[in-house]
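What follows is input-v7.cif (mmCIF, C-alpha atoms).
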```cif
data_my_file
loop_
_atom_site.label_atom_id
_atom_site.label_comp_id
_atom_site.auth_asym_id
_atom_site.auth_seq_id
_atom_site.Cartn_x
_atom_site.Cartn_y
_atom_site.Cartn_z
CA MET A 137 0.00 0.00 0.00
CA ALA A 138 1.21 3.50 -0.86
CA THR A 139 2.03 5.92 1.93
CA ILE A 140 2.13 9.67 2.53
CA ASP A 141 5.92 9.45 2.18
CA ASP A 142 5.47 7.86 -1.28
CA MET A 143 3.34 10.85 -2.28
CA ARG A 144 5.96 13.27 -1.03
CA SER A 145 8.75 11.43 -2.81
CA LEU A 146 6.84 11.87 -6.09
CA GLY A 147 6.82 15.63 -5.51
CA TYR A 148 3.39 16.27 -4.02
CA ALA A 149 2.91 18.63 -1.07
CA VAL A 150 0.95 16.84 1.66
CA GLY A 151 -0.14 18.14 5.06
CA VAL A 152 -2.83 17.73 7.69
CA ALA A 153 -5.83 19.93 6.85
CA PHE A 154 -7.94 19.13 9.94
CA PRO A 155 -8.51 16.39 12.53
CA THR A 156 -11.82 14.51 12.39
CA ASP A 157 -14.23 13.77 15.22
CA ASP A 158 -13.47 10.04 14.95
CA ASP A 159 -9.76 10.40 15.71
CA HIS A 160 -8.49 10.43 12.14
CA VAL A 161 -6.95 13.25 10.16
CA VAL A 162 -7.81 14.71 6.77
CA TYR A 163 -4.85 15.41 4.50
CA ASN A 164 -4.58 18.00 1.77
CA VAL A 165 -2.46 16.96 -1.22
CA SER A 166 -1.44 19.27 -4.04
CA GLY A 167 0.83 19.12 -7.08
CA PHE A 168 0.83 18.34 -10.82
CA GLY A 169 -2.74 19.62 -11.25
CA VAL A 170 -4.12 17.79 -8.22
CA GLN A 171 -5.63 19.54 -5.20
CA MET A 172 -7.59 17.19 -2.98
CA TYR A 173 -8.64 16.19 0.52
CA PHE A 174 -8.53 12.60 1.77
CA ARG A 175 -8.78 10.78 5.08
CA ASP A 176 -5.75 8.94 6.43
CA ASP A 177 -7.64 5.64 6.01
CA ASP A 178 -8.55 6.28 2.33
CA GLU A 179 -6.42 3.69 0.54
CA ASP A 180 -8.02 4.44 -2.85
CA ALA A 181 -6.78 8.03 -2.77
CA LEU A 182 -3.25 7.04 -1.76
CA THR A 183 -3.06 4.28 -4.38
CA SER A 184 -4.41 6.36 -7.22
CA ILE A 185 -2.18 9.38 -6.56
CA CYS A 186 0.90 7.15 -6.31
CA ASP A 187 0.04 4.88 -9.27
CA PRO A 188 3.07 5.13 -11.60
CA TYR A 189 1.13 5.39 -14.85
CA ALA A 190 -1.49 7.84 -13.54
CA HIS A 191 1.28 9.97 -12.00
CA ALA A 192 3.30 9.99 -15.24
CA ASP A 193 0.21 10.94 -17.21
CA ARG A 194 -0.66 13.78 -14.82
CA CYS A 195 2.93 15.07 -15.05
CA PHE A 196 2.83 14.87 -18.85
CA GLN A 197 -0.42 16.83 -19.04
CA PHE A 198 0.66 19.35 -16.39
CA ASN A 199 4.01 20.03 -18.08
CA ASN A 200 2.86 19.79 -21.73
CA PRO A 201 -0.61 21.28 -22.11
CA GLU A 202 -0.11 21.94 -25.83
CA ALA A 203 0.87 18.29 -26.46
CA GLN A 204 -2.19 17.15 -24.49
CA VAL A 205 -4.48 19.13 -26.81
CA VAL A 206 -2.91 17.38 -29.81
CA ARG A 207 -3.08 13.98 -28.07
CA MET A 208 -6.84 14.37 -27.52
CA GLN A 209 -7.33 15.50 -31.10
CA LEU A 210 -5.46 12.45 -32.39
CA VAL A 211 -7.45 10.08 -30.14
CA GLN A 212 -10.70 11.59 -31.35
CA ASN A 213 -9.42 11.23 -34.92
CA GLY A 214 -9.01 7.49 -34.46
CA TYR A 215 -5.36 7.08 -33.39
CA ALA A 216 -4.07 5.09 -30.42
CA VAL A 217 -1.74 7.39 -28.50
CA THR A 218 0.18 5.82 -25.61
CA LEU A 219 2.56 7.27 -23.07
CA ASP A 220 5.56 5.36 -21.71
CA PRO A 221 5.48 6.20 -17.98
CA LYS A 222 9.20 5.55 -17.58
CA THR A 223 10.54 7.66 -20.44
CA GLY A 224 7.71 10.18 -20.88
CA LEU A 225 7.77 9.44 -24.63
CA LEU A 226 4.72 8.74 -26.78
CA SER A 227 3.70 6.53 -29.66
CA VAL A 228 1.00 7.16 -32.25
CA VAL A 229 -0.55 4.27 -34.17
CA GLY A 230 -3.43 4.36 -36.63
CA GLY A 231 -4.09 3.78 -40.34
CA SER A 232 -0.70 3.67 -42.06
CA THR A 233 0.89 5.74 -39.28
CA LYS A 234 3.17 4.15 -36.71
CA LEU A 235 5.31 6.61 -34.79
CA THR A 236 7.27 5.71 -31.66
CA LYS A 237 9.35 7.43 -28.99
CA LEU A 238 7.98 10.89 -29.68
CA ALA A 239 8.91 13.70 -27.31
CA PRO A 240 5.95 15.95 -26.38
CA ALA A 241 7.19 18.64 -28.79
CA ASP A 242 7.31 16.06 -31.59
CA LEU A 243 3.73 15.07 -30.84
CA VAL A 244 2.60 18.65 -31.40
CA ALA A 245 4.01 18.38 -34.93
CA GLN A 246 1.64 15.44 -35.64
CA ALA A 247 -1.48 17.61 -35.33
CA GLU A 248 -1.91 17.52 -39.12
CA LEU A 249 -2.34 13.74 -39.37
CA PRO A 250 -5.55 12.93 -41.31
CA ASN A 251 -8.79 12.10 -39.52
CA LEU A 252 -9.35 8.32 -39.61
CA VAL A 253 -12.91 8.49 -38.27
CA PRO A 254 -15.57 8.57 -41.02
CA THR A 255 -17.87 11.56 -40.81
CA PRO A 256 -21.40 10.46 -39.83
CA PRO A 257 -24.07 11.22 -42.44
CA SER A 258 -26.21 14.31 -41.98
CA ALA A 259 -29.93 13.91 -41.30
CA ALA A 260 -30.71 14.83 -44.93
CA GLU A 261 -28.21 12.27 -46.23
CA ALA A 262 -29.69 9.59 -43.99
CA VAL A 263 -33.22 10.29 -45.30
CA LEU A 264 -31.97 10.25 -48.89
CA SER A 265 -30.18 6.94 -48.31
CA ALA A 266 -33.30 5.40 -46.77
CA LEU A 267 -35.47 6.63 -49.65
CA THR A 268 -33.20 5.68 -52.54
CA GLY A 269 -31.18 2.78 -51.17
CA ILE A 270 -27.98 4.61 -52.14
CA ALA A 271 -25.49 3.97 -49.34
CA ASP A 272 -23.43 7.14 -49.78
CA PRO A 273 -25.22 10.02 -51.55
CA ASP A 274 -21.98 12.02 -51.47
CA THR A 275 -20.38 9.74 -54.07
CA ALA A 276 -23.47 9.15 -56.23
CA THR A 277 -24.06 11.10 -59.46
CA VAL A 278 -27.02 13.45 -59.78
CA ALA A 279 -28.50 11.10 -62.41
CA ASP A 280 -28.23 8.14 -59.99
CA VAL A 281 -30.05 10.05 -57.22
CA VAL A 282 -32.77 11.44 -59.55
CA GLY A 283 -33.35 7.98 -61.01
CA ALA A 284 -33.55 6.34 -57.59
CA VAL A 285 -35.94 8.99 -56.24
CA ALA A 286 -38.18 8.64 -59.31
CA ALA A 287 -38.23 4.89 -58.88
CA ALA A 288 -39.08 5.20 -55.21
CA LEU A 289 -41.93 7.63 -55.92
CA GLN A 290 -43.29 5.39 -58.67
CA GLN A 291 -43.22 2.43 -56.29
CA SER A 292 -45.04 4.32 -53.55
CA ALA A 293 -47.73 5.51 -56.01
CA MET B 271 -11.33 52.83 26.00
CA LEU B 272 -13.11 50.41 23.63
CA ALA B 273 -12.08 46.77 23.73
CA ARG B 274 -10.84 45.40 20.41
CA ALA B 275 -13.16 42.82 18.85
CA TYR B 276 -11.50 39.45 18.86
CA VAL B 277 -12.65 36.39 16.92
CA PRO B 278 -10.77 33.27 18.00
CA GLU B 279 -9.25 31.03 15.36
CA VAL B 280 -10.01 27.43 16.34
CA THR B 281 -9.32 23.93 15.03
CA SER B 282 -12.17 22.39 17.04
CA PHE B 283 -15.57 23.79 17.92
CA PRO B 284 -16.33 25.08 21.46
CA THR B 285 -18.03 22.44 23.59
CA THR B 286 -20.22 24.97 25.47
CA PRO B 287 -21.06 27.69 22.95
CA PHE B 288 -23.18 30.74 23.76
CA HIS B 289 -25.72 32.54 21.58
CA GLY B 290 -24.01 34.94 19.19
CA GLN B 291 -20.54 33.45 19.69
CA VAL B 292 -18.35 33.90 16.61
CA ILE B 293 -15.40 31.69 15.66
CA ASP B 294 -13.01 31.27 12.75
CA TYR B 295 -12.79 27.52 12.19
CA VAL B 296 -9.64 26.37 10.35
CA PHE B 297 -10.72 23.68 7.87
CA ASP B 298 -7.42 23.64 5.99
CA ALA B 299 -4.36 24.24 8.13
CA VAL B 300 -2.10 23.52 5.16
CA ASN B 301 -3.32 26.48 3.14
CA GLY B 302 -4.59 28.61 6.06
CA TYR B 303 -8.27 28.58 5.03
CA ASP B 304 -11.01 29.12 7.59
CA TRP B 305 -14.77 29.53 7.81
CA ARG B 306 -16.44 32.06 10.13
CA PHE B 307 -19.49 30.84 12.05
CA ARG B 308 -21.96 32.45 14.46
CA TYR B 309 -23.74 30.25 17.01
CA ASN B 310 -27.54 30.32 17.24
CA ALA B 311 -28.75 28.92 20.56
CA ALA B 312 -32.37 28.58 19.37
CA THR B 313 -31.39 26.01 16.73
CA ALA B 314 -28.21 24.82 18.40
CA LYS B 315 -26.45 25.32 15.06
CA TRP B 316 -23.47 27.29 13.85
CA ARG B 317 -24.45 29.50 10.92
CA TYR B 318 -21.87 30.03 8.20
CA ILE B 319 -20.96 33.69 7.76
CA GLY B 320 -18.11 33.55 5.28
CA GLY B 321 -14.87 32.12 3.97
CA PRO B 322 -13.58 30.33 0.85
CA PRO B 323 -15.06 27.05 -0.38
CA MET B 324 -13.28 23.81 0.33
CA PHE B 325 -12.09 23.21 -3.23
CA ALA B 326 -10.57 20.14 -4.90
CA GLU B 327 -9.60 19.52 -8.51
CA VAL B 328 -7.83 17.19 -10.90
CA THR B 329 -6.82 18.99 -14.07
CA ALA B 330 -5.55 15.90 -15.95
CA GLN B 331 -7.91 14.63 -18.62
CA GLU B 332 -8.78 10.98 -17.99
CA SER B 333 -11.36 8.65 -19.48
CA THR B 334 -13.83 5.86 -18.80
CA SER B 335 -16.11 3.67 -20.92
CA SER B 336 -18.11 2.60 -17.87
CA ALA B 337 -21.90 2.75 -18.12
CA SER B 338 -22.14 2.90 -14.32
CA TYR B 339 -20.44 5.42 -12.03
CA ALA B 340 -16.71 4.73 -11.72
CA ALA B 341 -13.47 6.43 -10.71
CA LEU B 342 -10.99 7.58 -13.34
CA GLY B 343 -7.23 6.98 -13.29
CA THR B 344 -6.91 9.60 -10.58
CA THR B 345 -9.62 9.15 -7.99
CA GLY B 346 -11.83 12.09 -7.15
CA PRO B 347 -11.46 14.97 -6.77
CA ALA B 348 -12.81 14.74 -3.23
CA VAL B 349 -13.77 17.00 -0.36
CA ILE B 350 -14.69 16.09 3.21
CA THR B 351 -17.25 17.58 5.59
CA PRO B 352 -15.46 18.70 8.78
CA ARG B 353 -18.76 18.89 10.73
CA ALA B 354 -22.25 17.40 10.46
CA GLY B 355 -24.63 19.82 8.77
CA ASP B 356 -26.08 21.32 5.60
CA TYR B 357 -23.80 22.21 2.69
CA PHE B 358 -23.79 23.49 -0.87
CA VAL B 359 -21.92 21.10 -3.16
CA ASP B 360 -20.71 22.39 -6.53
CA GLN B 361 -18.98 20.38 -9.22
CA GLY B 362 -17.95 20.71 -12.84
CA ALA B 363 -15.65 19.48 -15.58
CA TRP B 364 -14.70 19.73 -19.22
CA PHE B 365 -16.36 16.84 -21.03
CA SER B 366 -15.51 15.28 -24.39
CA SER B 367 -16.02 11.90 -25.99
CA THR B 368 -15.00 9.71 -28.90
CA GLY B 369 -18.58 8.81 -29.80
CA SER B 370 -20.81 10.62 -32.22
CA ASN B 371 -24.48 10.20 -31.51
CA SER B 372 -26.97 11.08 -28.77
CA GLU B 373 -24.70 10.39 -25.88
CA GLN B 374 -24.47 11.79 -22.40
CA MET B 375 -21.56 12.01 -20.00
CA LEU B 376 -22.35 12.29 -16.32
CA MET B 377 -20.29 13.41 -13.35
CA SER B 378 -21.76 12.84 -9.90
CA TYR B 379 -20.31 11.98 -6.48
CA ASP B 380 -20.33 9.29 -3.85
CA ILE B 381 -21.50 10.51 -0.45
CA GLY B 382 -19.48 8.46 1.98
CA GLY B 383 -20.42 4.83 1.34
CA THR B 384 -23.46 5.76 -0.74
CA GLY B 385 -22.87 5.50 -4.47
CA ALA B 386 -23.23 8.43 -6.88
CA VAL B 387 -26.69 9.03 -8.35
CA ASP B 388 -27.95 10.79 -11.48
CA ALA B 389 -29.97 13.23 -9.37
CA ASP B 390 -26.71 14.87 -8.26
CA ALA B 391 -25.03 14.71 -11.67
CA VAL B 392 -23.79 17.42 -13.95
CA ILE B 393 -24.47 16.23 -17.48
CA ALA B 394 -23.08 17.04 -20.93
CA GLY B 395 -24.10 15.47 -24.23
CA THR B 396 -24.88 15.71 -27.92
CA SER B 397 -28.13 15.56 -29.81
CA ALA B 398 -28.94 12.84 -32.36
CA GLY B 399 -26.63 13.14 -35.35
CA GLY B 400 -24.28 15.35 -33.37
CA THR B 401 -20.56 15.08 -33.54
CA ILE B 402 -18.06 14.85 -30.71
CA ALA B 403 -19.44 16.33 -27.51
CA GLN B 404 -17.34 19.00 -25.86
CA SER B 405 -18.68 21.04 -23.01
CA ALA B 406 -17.68 22.72 -19.77
CA SER B 407 -20.54 22.36 -17.32
CA ALA B 408 -21.18 22.88 -13.62
CA ARG B 409 -23.97 22.38 -11.12
CA ARG B 410 -24.77 23.33 -7.50
CA ARG B 411 -26.87 21.24 -5.10
CA PHE B 412 -27.98 21.80 -1.53
CA LYS B 413 -27.29 18.71 0.59
CA ALA B 414 -28.99 18.59 3.98
CA SER B 415 -27.83 16.67 7.03
CA LEU B 416 -24.49 15.36 5.83
CA ALA B 417 -22.65 13.48 8.55
CA ALA B 418 -19.32 14.70 9.91
CA SER B 419 -16.22 13.40 8.13
CA THR B 420 -18.15 12.36 5.03
CA THR B 421 -16.05 12.13 1.88
CA LEU B 422 -17.69 13.38 -1.33
CA THR B 423 -15.84 11.71 -4.21
CA SER B 424 -16.54 12.51 -7.85
CA LYS B 425 -17.50 9.59 -10.10
CA TYR B 426 -18.15 9.37 -13.83
CA LYS B 427 -20.08 7.39 -16.45
CA ILE B 428 -20.98 7.35 -20.13
CA PRO B 429 -24.05 5.22 -20.91
CA ALA B 430 -23.33 5.04 -24.67
CA ALA B 431 -20.72 2.68 -26.11
CA ALA B 432 -17.93 5.24 -26.28
CA ALA B 433 -15.09 6.65 -24.23
CA GLY B 434 -15.90 9.72 -22.15
CA PHE B 435 -13.04 12.09 -21.30
CA PHE B 436 -13.21 14.33 -18.25
CA GLY B 437 -10.70 17.13 -17.63
CA ASN B 438 -10.36 20.13 -15.31
CA ARG B 439 -12.78 18.39 -12.96
CA TRP B 440 -13.55 20.00 -9.65
CA ILE B 441 -15.80 19.78 -6.63
CA SER B 442 -16.31 22.31 -3.85
CA LEU B 443 -18.06 22.47 -0.53
CA VAL B 444 -19.53 25.45 1.34
CA PRO B 445 -21.34 25.06 4.67
CA VAL B 446 -24.73 26.61 5.38
CA ARG B 447 -25.16 25.54 9.00
CA VAL B 448 -23.40 22.91 11.05
CA SER B 449 -23.87 21.39 14.48
#
```
Would you mind writing the file out in structure tokens?
Amino acid sequence: MATIDDMRSLGYAVGVAFPTDDDHVVYNVSGFGVQMYFRDDDEDALTSICDPYAHADRCFQFNNPEAQVVRMQLVQNGYAVTLDPKTGLLSVVGGSTKLTKLAPADLVAQAELPNLVPTPPSAAEAVLSALTGIADPDTATVADVVGAVAAALQQSA
Amino acid sequence: MLARAYVPEVTSFPTTPFHGQVIDYVFDAVNGYDWRFRYNAATAKWRYIGGPPMFAEVTAQESTSSASYAALGTTGPAVITPRAGDYFVDQGAWFSSTGSNSEQMLMSYDIGGTGAVDADAVIAGTSAGGTIAQSASARRRFKASLAASTTLTSKYKIPAAAAGFFGNRWISLVPVRVS
């Protein structure tokens, strides 16, 4: 089990905020974007603050906010972005892209990677697809769409 | 000569208070934060007069795909009631997700051993056909009769099949009256 000393050795400031009525104490911990209160018998708080991966990730985000913005953008664009907690370096994998051992500044340079997530159809496109049976109206010709709509109207009449 | 008004700074409440007694209670000795209370003998309660909220935050953005309330990589944030009483609880976060359709992300809080519920949640989401949800939202609730030393711990869920990301998440506590 992690201890208050483990927290301090990672660089967090920890002190007693107030004593409780049931003979415990409440600690205040702060550092690397964390500011929190926890009881001395709260093992979950101690474990999660001292967890090596969670700590490394908090440090990365705290020290590299611009790289974090790009990391989120890449994740939302369909890439797997992982952080090595020991080295603080990142990898980016997705589509034909496989980048490893990127420093945070190098990650920022990957902001232009293409979006791998297909854009969902608009409501109008969805209605048109349902009416005509054309899977992707964006790639169909005007003649295809007009023909399919005419056929659908004829069928419904 | 007039006597100078003196409000004692205390780390525990007086055991035999008198009507109108005023104290500055230190709820965070680390940062030097205190709350001022005035005692009301008719209700046998200490009324909150002023002071900063007890505030906790985790700025790191972390995620969950859990459809029921769960902790993220860093637990909390969490605050703790120093005394039994009534409190305002505020919470908020920056929400985003990898999904794309009619999804909600919820942030609520455990109250001691009682699990988080939707009734206390701050919620962000997209409408049908929407794209990635991104929102900064907050909510205040009045919570009556919280027990002393109760930990309020933020928890998170995303009912849709997607990953919900929560960053700059915070919770704060302000007393109204305590015993």
Interface rows for range 358-440 of chain B against range 343-352 of chain B: nearest pair, Å to one decimal, 7 Å, all atoms listed in the file, as a tab-separated table:
```
residue	atom	partner	partner_atom	distance
B:Ala418	CA	B:Thr351	CA	5.6
B:Ser419	CA	B:Thr351	CA	5.0
B:Thr420	CA	B:Thr351	CA	5.3
B:Thr421	CA	B:Ile350	CA	4.4
B:Leu422	CA	B:Ala348	CA	5.4
B:Thr423	CA	B:Ala348	CA	4.4
B:Ser424	CA	B:Gly346	CA	4.8
B:Lys425	CA	B:Gly346	CA	6.9
B:Trp440	CA	B:Pro347	CA	6.2
```
Go through chain A residue by residue and, counting all atoms listed in the file, keep those with an atom at most 10 Å from chain B; for each kept residue give the shortest atom pair and its distance in Å to one decimal, ordered by chain and increasing number, as CSV.
```
residue,atom,partner,partner_atom,distance
A:Ala149,CA,B:Val300,CA,9.4
A:Val150,CA,B:Val300,CA,8.1
A:Gly151,CA,B:Val300,CA,5.7
A:Val152,CA,B:Val300,CA,6.4
A:Ala153,CA,B:Asp298,CA,4.1
A:Phe154,CA,B:Phe297,CA,5.7
A:Pro155,CA,B:Thr281,CA,8.0
A:Thr156,CA,B:Ser419,CA,6.2
A:Asp157,CA,B:Ser419,CA,7.4
A:Asp158,CA,B:Ser419,CA,8.1
A:His160,CA,B:Ser419,CA,9.2
A:Val161,CA,B:Ser419,CA,9.5
A:Val162,CA,B:Ile350,CA,7.9
A:Tyr163,CA,B:Val300,CA,8.6
A:Asn164,CA,B:Val300,CA,6.9
A:Val165,CA,B:Val300,CA,9.2
A:Ser166,CA,B:Ala326,CA,9.2
A:Gly167,CA,B:Val328,CA,9.7
A:Phe168,CA,B:Thr329,CA,8.3
A:Gly169,CA,B:Thr329,CA,5.0
A:Val170,CA,B:Val328,CA,4.6
A:Gln171,CA,B:Ala326,CA,5.0
A:Met172,CA,B:Ala326,CA,4.6
A:Tyr173,CA,B:Val349,CA,5.3
A:Phe174,CA,B:Ala348,CA,6.9
A:Arg175,CA,B:Thr421,CA,8.1
A:Asp178,CA,B:Thr421,CA,9.5
A:Asp180,CA,B:Thr345,CA,7.2
A:Ala181,CA,B:Thr345,CA,6.0
A:Leu182,CA,B:Thr345,CA,9.2
A:Thr183,CA,B:Thr345,CA,8.9
A:Ser184,CA,B:Thr344,CA,5.3
A:Ile185,CA,B:Thr344,CA,6.2
A:Cys186,CA,B:Thr344,CA,9.2
A:Asp187,CA,B:Thr344,CA,8.5
A:Tyr189,CA,B:Gly343,CA,8.7
A:Ala190,CA,B:Gly343,CA,5.8
A:His191,CA,B:Thr344,CA,8.3
A:Asp193,CA,B:Ala330,CA,7.7
A:Arg194,CA,B:Ala330,CA,5.4
A:Cys195,CA,B:Ala330,CA,8.6
A:Phe196,CA,B:Ala330,CA,8.9
A:Gln197,CA,B:Ala330,CA,6.1
A:Phe198,CA,B:Ala330,CA,7.1
A:Pro201,CA,B:Ala330,CA,9.6
A:Gln204,CA,B:Gln331,CA,8.6
A:Val205,CA,B:Gln331,CA,10.0
A:Met208,CA,B:Gln331,CA,9.0
A:Gln209,CA,B:Thr368,CA,9.9
A:Val211,CA,B:Thr368,CA,7.7
A:Gln212,CA,B:Thr368,CA,5.3
A:Asn213,CA,B:Thr368,CA,8.3
A:Gly214,CA,B:Thr368,CA,8.5
A:Val253,CA,B:Thr368,CA,9.7
A:Thr255,CA,B:Thr401,CA,8.5
A:Pro256,CA,B:Gly399,CA,7.4
A:Pro257,CA,B:Gly399,CA,7.8
A:Ser258,CA,B:Gly399,CA,6.7
A:Ala259,CA,B:Gly399,CA,6.8
A:Ala262,CA,B:Gly399,CA,9.8
```
If the PyMOL selection byres ((chain B and resi 378) around 8) were run on this exact file, what residues would it hold? Put them as a PDB file with C-alpha atoms, in the frame of the given file.
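Final output, saved to selection_6.pdb:
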```
ATOM      1  CA  TYR B 339     -20.440   5.420 -12.030  1.00  0.00           C
ATOM      2  CA  LEU B 376     -22.350  12.290 -16.320  1.00  0.00           C
ATOM      3  CA  MET B 377     -20.290  13.410 -13.350  1.00  0.00           C
ATOM      4  CA  TYR B 379     -20.310  11.980  -6.480  1.00  0.00           C
ATOM      5  CA  ASP B 380     -20.330   9.290  -3.850  1.00  0.00           C
ATOM      6  CA  ALA B 386     -23.230   8.430  -6.880  1.00  0.00           C
ATOM      7  CA  VAL B 387     -26.690   9.030  -8.350  1.00  0.00           C
ATOM      8  CA  ASP B 388     -27.950  10.790 -11.480  1.00  0.00           C
ATOM      9  CA  ASP B 390     -26.710  14.870  -8.260  1.00  0.00           C
ATOM     10  CA  ALA B 391     -25.030  14.710 -11.670  1.00  0.00           C
ATOM     11  CA  VAL B 392     -23.790  17.420 -13.950  1.00  0.00           C
ATOM     12  CA  SER B 424     -16.540  12.510  -7.850  1.00  0.00           C
ATOM     13  CA  LYS B 425     -17.500   9.590 -10.100  1.00  0.00           C
ATOM     14  CA  TYR B 426     -18.150   9.370 -13.830  1.00  0.00           C
TER      15      TYR B 426
END
```
Rounded to one decimal place, report the CA of Asp294 in chain B-CA of Val280 in chain B distance in Å.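 Computing the Euclidean distance for CA of Asp294 in chain B and CA of Val280 in chain B yields 6.1 Å.
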Test item: the PyMOL selection byres ((chain A and resi 232) around 12) resolved as an mmCIF file with C-alpha atoms, in the frame of the given file:
```cif
data_model
loop_
_atom_site.group_PDB
_atom_site.id
_atom_site.type_symbol
_atom_site.label_atom_id
_atom_site.label_comp_id
_atom_site.auth_asym_id
_atom_site.auth_seq_id
_atom_site.Cartn_x
_atom_site.Cartn_y
_atom_site.Cartn_z
ATOM 1 C CA GLY A 214 -9.010 7.490 -34.460
ATOM 2 C CA TYR A 215 -5.360 7.080 -33.390
ATOM 3 C CA VAL A 228 1.000 7.160 -32.250
ATOM 4 C CA VAL A 229 -0.550 4.270 -34.170
ATOM 5 C CA GLY A 230 -3.430 4.360 -36.630
ATOM 6 C CA GLY A 231 -4.090 3.780 -40.340
ATOM 7 C CA THR A 233 0.890 5.740 -39.280
ATOM 8 C CA LYS A 234 3.170 4.150 -36.710
ATOM 9 C CA LEU A 235 5.310 6.610 -34.790
ATOM 10 C CA LEU A 249 -2.340 13.740 -39.370
ATOM 11 C CA PRO A 250 -5.550 12.930 -41.310
ATOM 12 C CA ASN A 251 -8.790 12.100 -39.520
ATOM 13 C CA LEU A 252 -9.350 8.320 -39.610
#
```
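Interatomic distance, CA of Arg447 in chain B to CA of Arg317 in chain B: 4.5 Å.
Straight-line separation from CA of Gly437 in chain B to CA of Phe365 in chain B: 6.6 Å.
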Excluding Gln374 in chain B and residues on its chain fewer than 3 positions from it, collect all residues at most 7 Å away from it, counting only C-alpha atoms, and give them as a list of chain:residue names.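 With the cut-off at 7 Å, the set is B:Ile393, B:Ala394, B:Gly395, B:Thr396, B:Ile428, B:Pro429.
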Convert the output of the PyMOL selection byres ((chain A and resi 226) around 9) on the shown file into explicit residues, formatted as a ChimeraX atom specification. /A:217-220,223-225,227-228,235-240,243
Restricting the calculation to all atoms listed in the file, which member of B:Glu279, B:Trp316, B:Trp305, B:Thr334 is positioned closest to Ala354 in chain B? B:Trp316
Would you list the contacts of Ile270 in chain A as a ChimeraX atom specification, taking every protein, DNA or RNA residue within 9 Å and counting all atoms listed in the file, but skipping same-chain residues closer than 5 positions in sequence? /A:264-265,276,280-281,284
Show me as an NGL selection string the residues that reach within 6 Å of (-26.2, 23.6, 8.8), counting only C-alpha atoms and using the file's own coordinates. :B and (355-356 or 446-448)
